[in-house]
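Take a look at the structure below.
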Amino acid sequence: MLNHKVKKNILYKSKNLTFYNAEVSDSLGGFFFDTGISAGFPSPAEDFKEERLSLDKEFIKNKEATFFARVSGQSMVGAGLEDNDLLIIDRSLEPANNKIAVCFLDGEFTVKRLKMDKTGLWLKPENPNYPMIKITEENDFVIWGIVTNVIKKVY
Amino acid sequence: MYALVDCNNFYASCERVFNPNLHHKPIAILSNNDGCVISRSDEAKALGLPMGAPIFKWEGFCKINDIQVFSSNYPLYGDMSNRVMKILEQFTPDVEVYSIDEAFLEFIGFKNYDFNDYGNQIRKRILKWIGIPTCVGIAPTKALSKIANKIARKFPEQTKGVYVIDSDEKRIKALKWTKIEDVWGIGWGLQKRLKANGCKTAFDFIQLNDDWVRKTFSITEWKLKKDLEGNPKILLDEPKNKRAIATTRSFDYSYNDLNYIKERVSTFATRCAEKLRKQGSSCHMIIVTLRSDPFRKDAERYRASKHVSLTFPTDSSLVISNEAVKAVSSIFKKGIHYKKAGVIVTGLVPSDNYQLDMFEHEDPKHKSLMSAIDGLNNKYRESKIKIGNQDLKRTWKMRQERLSPKYTTNFNDIISVK
């Protein structure tokens with residue numbers, strides 16, 4: 001590995017470690033280490049190495065319970081949910097007042113904000129052109145999952 | 001303690017998660033190529049739709065009774081199954097995935113647990129997180145957990161889907177309730193022999209003499225007897241390599257052209273060889289089967305199979321495919337409408353350790369060739385490299401006319417919400 005050219009370019013010498021200035025063509029200005037430790041010397045960057053950012057890790061807290069859905073329509077534009085946006089849904093989260101939920105209402109999936117008060121359970125659209133929906137005994141209704149994030153394409 | 005967790009009408013339940021309109025409605029799921037019914041919801045069972053019903057015969061029945069019929073959506077069922085198993089691993093590290101919709105759990109060091117409560121937590125978590133209903137049977141042994149599971153499934157009101165056999169009293173009661181033919185691992189032949197010996201229930205079975213059971217049947221039945229007595233002898237399985245690998249499929253239509261059938265058989269053989277290499281085995285024997293269309297009354301019926309013994313064990317697609325094609329050509333008869341073919345490889349030995357033959361051995365080049373092919377096909381996630389006798393232009397497609405969307409594995413198929 002160590003060739004004669006390299007040997008000349010000693011960069012820094014410590015007690016048991018010598019750094020050389022390498023003239024290796026294929027590396028991007030890297031250093032060449034000669035260590036006397038036969039197993040090889042770890043890269044000095046190793047200690048600072050961090051995992052690359054993962055959107056999965058950031059946005060999916062519970063893989064098993066996470067599902068995706070696509071928004072259709074304008075009923076939630078006020079909350080930033082526009083037509084064609086992608087929703088990340090975590091079914092393991094408990095429904096609570098003010099959470100945005102994907103619900104199944106009378107034969108259709110719908111996404112709305114949950115409003116729970118003394119008068120009962122309401123589905124609140126975030127668009128003044130849409131009415132609040134009161135959930136009653138007559139409805140075929142399930143809260144399917146809680147929306148945690150919205151992903152939108154901007155070009 | 002052991003638990004058996006079983007998903008209720010799994011395929012139908014998967015469809016319902018993404019189509020809640022189907023709740024409480026009869027559903028049937030068809031086999032590959034939309035052949036026959038392989039899964040039914042409770043409602044479809046109650047209507048009298050039999051398991052295995054060929055759909056072309058029962059089409060009218062399904063229409064009249066408003067049974068929703070689906071092609072099998074394996075990408076969906078597979079993903080949902082993985083989620084179930086991952087959740088189970090949160091409850092104990094010892095999980096044996098027994099099939100796509102059931103798993104055995106072992107609880108080691110769970111001394112003071114309330115198992116009824118624990119079972120309920122399992123059930124609730126799977127239902128809430130992924131929407132699949134399950135039943136949980138918990139007992140001191142695997143065979144008993146299977147029975148406990150049946151009780152939970154049979155009596156939903158009383159058990160709420162969870163049943164624990166934790167006393168001798170409960171165990172005896174459960175065994176007396178269980179018919180011998182419903183005992184896990186008691187096949188049809190064995191059941192007849194046991195009935196001839198006066199065994200009608202699982203309880204009758206454990207009254208038999210140990211030595212007699214061992215001598216008359218085998219160690220397996222003896223282990224089962226011990227398990228039913230509450231003495232664990234059937235242990236949690238490590239994932240084991242299979243002893244035979246089969247790729248068998250119905251064609252979309254019936255064919256009478258040898259070239260077409262050769263192509264199919266070569267493809268099935270290649271698939272078997274891939275599976276062999278994946279588990280690190282080689283095979284000594286190849287069995288090729290061919291069958292005419294059983295539903296065509298106008299044509300001659302025919303079924304044949306051919307065993308091929310190899311002089312050296314192999315996992316090479318080239319060798320297995322060549323032999324399989326030769327074999328199918330030798331059993332092919334003209335004028336028959338064929339509907340199904342299969343390739344089975346058996347006599348499996350570990351690829352890295354088998355007896356060498358003095359005169360015959362595999363071309364050593366195959367090994368590196370195969371690993372190169374596997375590497376490429378893995379990389380591109382489909383069979384980019386095929387053998388010349390496989391169809392290169394056409395990609396074989398299953399008949400799936402009533403397929404539901406791939407809700408969890410394809411962004412184009414995810415649910416849409418208003």
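Following the order of the structure tokens, chains are lettered A, B, ..., residues in each are numbered from 1, and ligands are numbered from 1.
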Handout entry: Residues within 7 Å of Ser281 (chain B), only C-alpha atoms, excluding chain neighbours under 6 positions, as a PyMOL selection string
Key = chain B and resi 315+348-351
Practice task
Write down as a list in words the residues of region 73-135 of chain B whose backbone DSSP state falls under strand (DSSP E).
Solution key: Asp94, Val95, Glu96, Val97, Tyr98, Ser99, Glu102, Ala103, Phe104, Leu105, Glu106, Thr134 and Cys135 of chain B
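Contact shell of Ser75 (chain A) at 8 Å (only C-alpha atoms; same-chain neighbours under 5 positions omitted): Lys112, Pro125, Glu126, Asn127, Asn129 and Tyr130 of chain A; Lys418 of chain B.
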Fill in the blank from the handout: Using only C-alpha atoms, the residue out of B:Leu49, B:Ala148, B:Met80, B:Ala103 with shortest distance to chain A is B:Met80
Expected answer as a PDB file with C-alpha atoms, in the first residue's frame: chain B residues within 7 Å of chain A, only C-alpha atoms:
ATOM      1  CA  ASN B  21     -68.690  -1.156   4.101  1.00  0.00           C
ATOM      2  CA  ARG B  83     -47.751  -6.229  10.934  1.00  0.00           C
ATOM      3  CA  LYS B 128     -56.858  -1.094  17.179  1.00  0.00           C
ATOM      4  CA  TRP B 129     -53.565  -0.734  15.342  1.00  0.00           C
ATOM      5  CA  ILE B 130     -54.361  -2.627  12.191  1.00  0.00           C
ATOM      6  CA  THR B 408     -50.562  -0.765   1.861  1.00  0.00           C
ATOM      7  CA  ILE B 414     -53.900   3.935  -1.002  1.00  0.00           C
ATOM      8  CA  ILE B 415     -57.328   4.895   0.290  1.00  0.00           C
ATOM      9  CA  SER B 416     -58.766   8.223  -0.715  1.00  0.00           C
ATOM     10  CA  VAL B 417     -60.442  10.445   1.910  1.00  0.00           C
ATOM     11  CA  LYS B 418     -62.748  13.359   1.354  1.00  0.00           C
TER      12      LYS B 418
END
Practice task
Using only C-alpha atoms, determine which residues lie at most 10 Å from Lys25 (chain B), disregarding the query and same-chain residues fewer than 4 positions distant; provide the list as JSON, numbers by chain.
Solution key: {"B": [16, 20, 21, 41, 42, 43, 44, 66, 67, 68]}
Exercise for the section: From the DSSP assignment of the backbone, select every residue of region 281-372 of chain B that is helix (DSSP H, G or I), and format the answer as a count of residues only. Expected result: 23
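Remark: for Asn231 (chain B), the closest of the candidate residues B:Asp168, B:Asp79, B:Asp298, B:Asp211 is B:Asp168 (distances computed over only C-alpha atoms).
In this structure, CA of Leu403 (chain B) sits 20.6 Å away from CA of Asn8 (chain B).
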Completion exercise
Separating CA of Lys176 (chain B) from CA of Cys199 (chain B), to the nearest tenth of an Å, is a gap of 10.9 Å
Exercise for the section: Find the residues around region 188-197 of chain B up to 12 Å (only C-alpha atoms counted), leave out those fewer than 4 positions away in its own chain, and share them as a ChimeraX atom specification. Expected result: /B:179-184,201-202,204-209,212-213,216-218,220-221
